[in-house]
Amino acid sequence: MQHHVNRNNRRSCPCPAAKSPLSPRQQLAAVLSSPVVNNKWLSAPQLQPLRHAFCQGCPGTAPGPTLPCARGSVWRTILLHKMIAKITWRLARHVSTEAHRTTQVRRFLHGSYFRIQPSIQEALVEGRPVVALESTIITHGMAYPQNLSMAREVEKIIMRNGAVPATIGILRGQIHVGLTDEELQFLASSKNVVKVSRRDLPYVLSQGLSGGTTVSGTMIAAHKAGIPVFVTGGIGGVHRGGENTLDVSADLTELGRTPVAVVSAGVKSILDIGRTLEYLETQGVCVAAFGESRMFPAFFSSQSGYQAPYRVQDEEEAAKLIASTLGLGLSSGVLIAVPCPQEQAASGHLIEDAIQQALSEARSKGITGKELTPFLLQKINELTNGKSLDSNLALIQNNARVGSSIAVALSKLQKATRKGSLPRRRDTTLPQPVVIGGINVDFIAKAQNSVILGGGQTNIGRVRRTFGGVGRNLADCLSRLGLTPLFLSAVGKDEHSESILHYCHHMDMSAILQLEGKSTATYSAMITSAGELSVGLGDMDIHQQITEQYVSQFKENLCRAPLVCIDGNVPLSTIQYICQLARDHQLAVCYEPTDENKASKPFLSDSWKALTYISPNLQELKAINRTLGNPLPAGAPSSLEDIIKMAAALARPLLTHLCCVVVTLGAHGVLLCGRSLGGSISLHPTPHEQTAAASLCAAHYPAIPVSREEIVNVSGAGDSFLASHLSLATFKSWLFPADHQQHPTCPHASTELSR
C-alpha cells in the first residue's frame, strides 16, 4: 500500500484517504501517533525496516491513528500535544548530537585531554572542600627550586586548614587536576614549558606540550572538574597604557564567563588597577574585599587607592556570597580580594618606583604580551633587593589560608542547605512517583586488554568507584527527567553513606533508611575493554532491610503515586506487599528484575498479575517463564530475527496480565511488547472491555551504533532506558487519570503478535 506524504505537514496516510481532510482532533491524534523522524513523516518503504513479522500473514500496513475519546477534555489533549511535542522535539534535536557530545565530554573527563587525581575525584564526590591552584606561578613566576618549595608549602597550608589542594597543570598534552610531587618537580624544573591561557589550550593539548595554567586556564579546568574555589597570587588586568594598546588580560574575561570564585591579593600592582576594576564591572564580576577594609589590595601592598564595590568580613560571609552566585546560575565568577599581611607588605613607594623603572625597561626592549608580566616581576624583585619576592611569598601563603577557609565554609554551607531542603524537596502539582530498590557503591575494574586473564594473573586496567544499584539508577534518571521520585532504600552509617547522599543530592533521599552497625551495599565488577561485564561480586545484605514494615510507613505516598518502581533487590515479602497494594488501589507498578537469580520473585505466586510493566533482558525473561512453567524455545538464537522471535514468544504469556513488557537485547536494541487498539503500543493500562478488543503487538528498536572505544560501561544502560520510557508513561497517565480510552501510545511502527 502506498503512502502519501502531505506537503502541508498535516499527516501521512494511505490512499485514497489522503484526499479526505481530517477534523482538527483527528489531525492532532494523527500527530501523536504517526511515526516521525527529523520532522518528516515516514513512508511505507521507510517504515518497513522497523517492522518484524512474528507470524504468517502479519499485516504490512502502517498503524493508524489512535483517536482521542470524545469524553476527553480539549485542554488535556492540547497540553499532552504540547508536552509530547516538546519532549519529542528535544529528543529529535539531540539524538544525532547527544552521543557525540557525551563522547566528547567522556573523552575530556576520562580520556586523553583531562585527568583528575583519584584523591581529588574522591573528595569531590564526597563533597569535601577542594581548592584549585594555578601552575604559572611555578613555571614562570619564580626560579627553581624556590618555586617548588613554594608550591609544596601552599599545598600543606591548604591541607592543614581541612581542604584538599588541586594544583592544575598541563603535562604532555593532558590537563592534570592535582599533581603528584614528581609532576610538581617536572613543571618547576622544566625550561621549555608554555604559559597556557584559554587561547593556548587547544594548541598545547593538540601538540602534546607541557605548561603552567594561568588564572584563565586554571578557572576553565577547575570549573569542568567541579571545583568552585581557586586560590592564586594576583590576577591579570588592564595593563598601564591599555587604553592605547588594548592589552587586557584574559583573566578578566574569564571571570566574566566562568563561575569560579578566585581568591587573590587583588590585581598585580604593575597594572592599571582603576581600569581593571571598571573592566570587571563591565564583565559583571562581583568583586569583594576580604577583611576589615573595602580598600582593594594592590598585590604587594594592601593599599591601592581604589575601593572594592563590596566587602566580606570573614570566610562565612565569603562562602555565602559564592553560594548565592552559584545558586543563581550566573555564568560569571567572583573575585575575593585579600590584602597582603601588613607585617610582610612592601613599601608602596618603593614598589611603585621599581614598577616605573621596570616598565620603562620593558618598553625599551619591546617586551609585550604574556612575556611582559614575568619580566616585570623578576625585574621588580631585583630592584627591591628581594623585598617584592618576600611579599609575593607571604601573600600567596596568606591567600591559601584564607581560600581554604572559604572552601571549608562553603562546603559546610552547601551540606547544610541540602540537608535542610530534603524534606521540602517536592512542591509541585505533579504526583510524586515512588522508587523502591537498592543503592550500591560500585567498584568497577575495566581491563585494558580484550581478553581477561585467569589463573590468578594480574590484569592491567583501571579501577574506579561509582554509585549504582538498580533502584538508585532508576530514581536518578527519573529525577534528571523532572519527576524526582521518592526513593525508598537502606544504607549503613559508614564511610560510604555520606558520599552517596552527597552524590545523590538532586534526588529525594529524605526517606532513606540509615542503619547503625550495617554496611552500605557494595558491588565489585570486572568488565572487559569493550565494557561487557565479565564477573561481579556483591555484598548487599542490607537490601534485606527494605522491609514491608519500613515501606508501609509511606503507604499514603504509594497510593497517590502515578508510578511505583521496585527492583529485584527488595525482599519477596515487600514485593508481595506492593503488588497487593497495587491490586487494591489500581496502582501502576514497574518491576525491574535486576538479574537472572532475582527476576522470578513476583512470579513465585500470583503477585505478578498486579504488575503493569516489567523490563527483563532475554536471560531474565527465560527465568521468569521457567518459574511459570511455560515452555522455553529450544536452542540458542543465531540471528537477530531469531532473537526477536524468541523474545516475543517469551513475552506473550506475560501480556495476559501486564500492560507492557520491555525486553532489553543488549547490542541488538530493545523489543517493546504490549497491546494496541489502533496499531500503536499503549503505554498505559486499559480497561477490561478495551483489553479484550486489543491486539498484542511488538516493536523492535535497534541500538544506536557506538564504537568500542566510546563504550565506558554497559551496566546501568537498561535502567536509564527504562526510566526514560516510564517518564513518558507517567506524564501521560497524569494527564489522563481516568480517561483510559485516550490511552497513551508509543508512536512507532509495530506489528501484531500471534495469539
# chains A, B, ... in the order shown; residues from 1 in each chain; ligands from 1
>>> residues_around(residues="Phe290 in chain A", least_positions_apart="6", cutoff="12 Å", atoms="only C-alpha atoms", output="PyMOL selection string")
chain A and resi 263-266+296-297+302+307-319+321+335-341+398-399+402-403+406
>>> residues_around(residues="Leu655 in chain A", least_positions_apart="3", cutoff="12 Å", atoms="only C-alpha atoms", output="MDAnalysis selection string")
chainID A and resid 608:614 648:652 658:662 672:676 685 691:692 694:698 753 755
>>> residues_around(residues="range 632-640 of chain A", least_positions_apart="5", cutoff="9 Å", atoms="only C-alpha atoms", output="list in words")
Lys622, Asn625, Arg626, Lys645, Met646, Ala649, Leu650 and His668 of chain A
>>> write_last_selection(atoms="all heavy atoms", output="PDB file, in the first residue's frame")
ATOM      1  N   LYS A 622      13.692 -15.646  30.258  1.00  0.00           N
ATOM      2  CA  LYS A 622      13.675 -17.114  30.280  1.00  0.00           C
ATOM      3  C   LYS A 622      13.441 -17.627  31.694  1.00  0.00           C
ATOM      4  O   LYS A 622      12.666 -18.571  31.907  1.00  0.00           O
ATOM      5  CB  LYS A 622      14.996 -17.657  29.739  1.00  0.00           C
ATOM      6  CG  LYS A 622      15.185 -17.526  28.240  1.00  0.00           C
ATOM      7  CD  LYS A 622      16.531 -18.126  27.829  1.00  0.00           C
ATOM      8  CE  LYS A 622      16.770 -18.001  26.341  1.00  0.00           C
ATOM      9  NZ  LYS A 622      18.087 -18.561  25.945  1.00  0.00           N
ATOM     10  N   ASN A 625       9.753 -17.293  32.676  1.00  0.00           N
ATOM     11  CA  ASN A 625       8.913 -18.306  32.038  1.00  0.00           C
ATOM     12  C   ASN A 625       9.167 -19.683  32.634  1.00  0.00           C
ATOM     13  O   ASN A 625       8.242 -20.501  32.760  1.00  0.00           O
ATOM     14  CB  ASN A 625       9.164 -18.318  30.529  1.00  0.00           C
ATOM     15  CG  ASN A 625       8.356 -17.267  29.793  1.00  0.00           C
ATOM     16  OD1 ASN A 625       7.235 -17.517  29.352  1.00  0.00           O
ATOM     17  ND2 ASN A 625       8.924 -16.070  29.668  1.00  0.00           N
ATOM     18  N   ARG A 626      10.405 -19.942  33.014  1.00  0.00           N
ATOM     19  CA  ARG A 626      10.716 -21.221  33.656  1.00  0.00           C
ATOM     20  C   ARG A 626       9.976 -21.341  34.980  1.00  0.00           C
ATOM     21  O   ARG A 626       9.421 -22.398  35.309  1.00  0.00           O
ATOM     22  CB  ARG A 626      12.225 -21.338  33.858  1.00  0.00           C
ATOM     23  CG  ARG A 626      12.696 -22.714  34.304  1.00  0.00           C
ATOM     24  CD  ARG A 626      14.202 -22.742  34.495  1.00  0.00           C
ATOM     25  NE  ARG A 626      14.915 -22.466  33.236  1.00  0.00           N
ATOM     26  CZ  ARG A 626      15.638 -21.384  33.009  1.00  0.00           C
ATOM     27  NH1 ARG A 626      15.776 -20.468  33.968  1.00  0.00           N
ATOM     28  NH2 ARG A 626      16.236 -21.202  31.854  1.00  0.00           N
ATOM     29  N   LYS A 645      12.147 -13.097  17.622  1.00  0.00           N
ATOM     30  CA  LYS A 645      11.043 -14.058  17.692  1.00  0.00           C
ATOM     31  C   LYS A 645      11.000 -14.739  19.056  1.00  0.00           C
ATOM     32  O   LYS A 645       9.932 -14.938  19.641  1.00  0.00           O
ATOM     33  CB  LYS A 645      11.181 -15.081  16.582  1.00  0.00           C
ATOM     34  CG  LYS A 645      10.808 -14.562  15.198  1.00  0.00           C
ATOM     35  CD  LYS A 645      10.890 -15.664  14.158  1.00  0.00           C
ATOM     36  CE  LYS A 645      10.454 -15.160  12.779  1.00  0.00           C
ATOM     37  NZ  LYS A 645      10.522 -16.222  11.752  1.00  0.00           N
ATOM     38  N   MET A 646      12.182 -15.106  19.581  1.00  0.00           N
ATOM     39  CA  MET A 646      12.222 -15.753  20.892  1.00  0.00           C
ATOM     40  C   MET A 646      11.737 -14.804  21.972  1.00  0.00           C
ATOM     41  O   MET A 646      10.940 -15.182  22.845  1.00  0.00           O
ATOM     42  CB  MET A 646      13.640 -16.225  21.206  1.00  0.00           C
ATOM     43  CG  MET A 646      13.786 -16.809  22.609  1.00  0.00           C
ATOM     44  SD  MET A 646      15.470 -17.314  23.022  1.00  0.00           S
ATOM     45  CE  MET A 646      15.607 -18.776  22.008  1.00  0.00           C
ATOM     46  N   ALA A 649       7.987 -14.424  21.770  1.00  0.00           N
ATOM     47  CA  ALA A 649       7.282 -15.624  22.232  1.00  0.00           C
ATOM     48  C   ALA A 649       7.299 -15.725  23.754  1.00  0.00           C
ATOM     49  O   ALA A 649       6.309 -16.140  24.372  1.00  0.00           O
ATOM     50  CB  ALA A 649       7.929 -16.862  21.611  1.00  0.00           C
ATOM     51  N   LEU A 650       8.413 -15.333  24.374  1.00  0.00           N
ATOM     52  CA  LEU A 650       8.510 -15.401  25.829  1.00  0.00           C
ATOM     53  C   LEU A 650       7.738 -14.277  26.514  1.00  0.00           C
ATOM     54  O   LEU A 650       7.287 -14.425  27.650  1.00  0.00           O
ATOM     55  CB  LEU A 650       9.986 -15.340  26.249  1.00  0.00           C
ATOM     56  CG  LEU A 650      10.849 -16.545  25.852  1.00  0.00           C
ATOM     57  CD1 LEU A 650      12.321 -16.256  26.139  1.00  0.00           C
ATOM     58  CD2 LEU A 650      10.399 -17.796  26.592  1.00  0.00           C
ATOM     59  N   HIS A 668      21.582  -5.582  20.426  1.00  0.00           N
ATOM     60  CA  HIS A 668      20.517  -5.719  19.424  1.00  0.00           C
ATOM     61  C   HIS A 668      19.362  -4.763  19.648  1.00  0.00           C
ATOM     62  O   HIS A 668      18.394  -4.781  18.885  1.00  0.00           O
ATOM     63  CB  HIS A 668      20.006  -7.161  19.402  1.00  0.00           C
ATOM     64  CG  HIS A 668      21.052  -8.177  19.042  1.00  0.00           C
ATOM     65  ND1 HIS A 668      21.672  -8.209  17.808  1.00  0.00           N
ATOM     66  CD2 HIS A 668      21.603  -9.173  19.769  1.00  0.00           C
ATOM     67  CE1 HIS A 668      22.557  -9.195  17.785  1.00  0.00           C
ATOM     68  NE2 HIS A 668      22.537  -9.797  18.962  1.00  0.00           N
TER      69      HIS A 668
END
>>> closest_residue(among="A:Val434, A:Ala394, A:Cys286, A:Val670", to="Val154 in chain A", atoms="only C-alpha atoms")
A:Ala394
>>> closest_residue(among="A:Ser249, A:Ser190, A:Ser727, A:Thr522", to="Gln432 in chain A", atoms="only C-alpha atoms")
A:Ser727
>>> closest_residue(among="A:Ala475, A:Ile566, A:Ile439, A:Glu182", to="Ala521 in chain A", atoms="only C-alpha atoms")
A:Ile439
>>> residues_around(residues="range 549-557 of chain A", least_positions_apart="3", cutoff="12 Å", atoms="only C-alpha atoms", output="ChimeraX atom specification")
/A:431-437,485-490,510-514,543-546,560-564,566,570-571,573-578,580-582,585,587
>>> atom_distance(atom1="CA of Gln457 in chain A", atom2="CA of Met526 in chain A")
13.7 Å
>>> select_by_dssp(residues="range 213-451 of chain A", states="alpha helix (DSSP H)", output="ChimeraX atom specification")
/A:215-225,242-245,250-255,273-282,315-328,348-365,372-383,387-421
>>> residues_around(residues="range 325-329 of chain A", least_positions_apart="3", cutoff="12 Å", atoms="only C-alpha atoms", output="PyMOL selection string")
chain A and resi 223+226-229+257-261+284-287+318-322+332-335+410+414+417
>>> closest_residue(among="A:Ile542, A:Ile355, A:Ile500, A:Gly366", to="Gln378 in chain A", atoms="only C-alpha atoms")
A:Ile355
>>> closest_residue(among="A:Ser364, A:Ser411, A:Thr627, A:Gln448", to="Asp606 in chain A", atoms="only C-alpha atoms")
A:Thr627
>>> atom_distance(atom1="CA of Gly173 in chain A", atom2="CA of Val194 in chain A")
11.0 Å
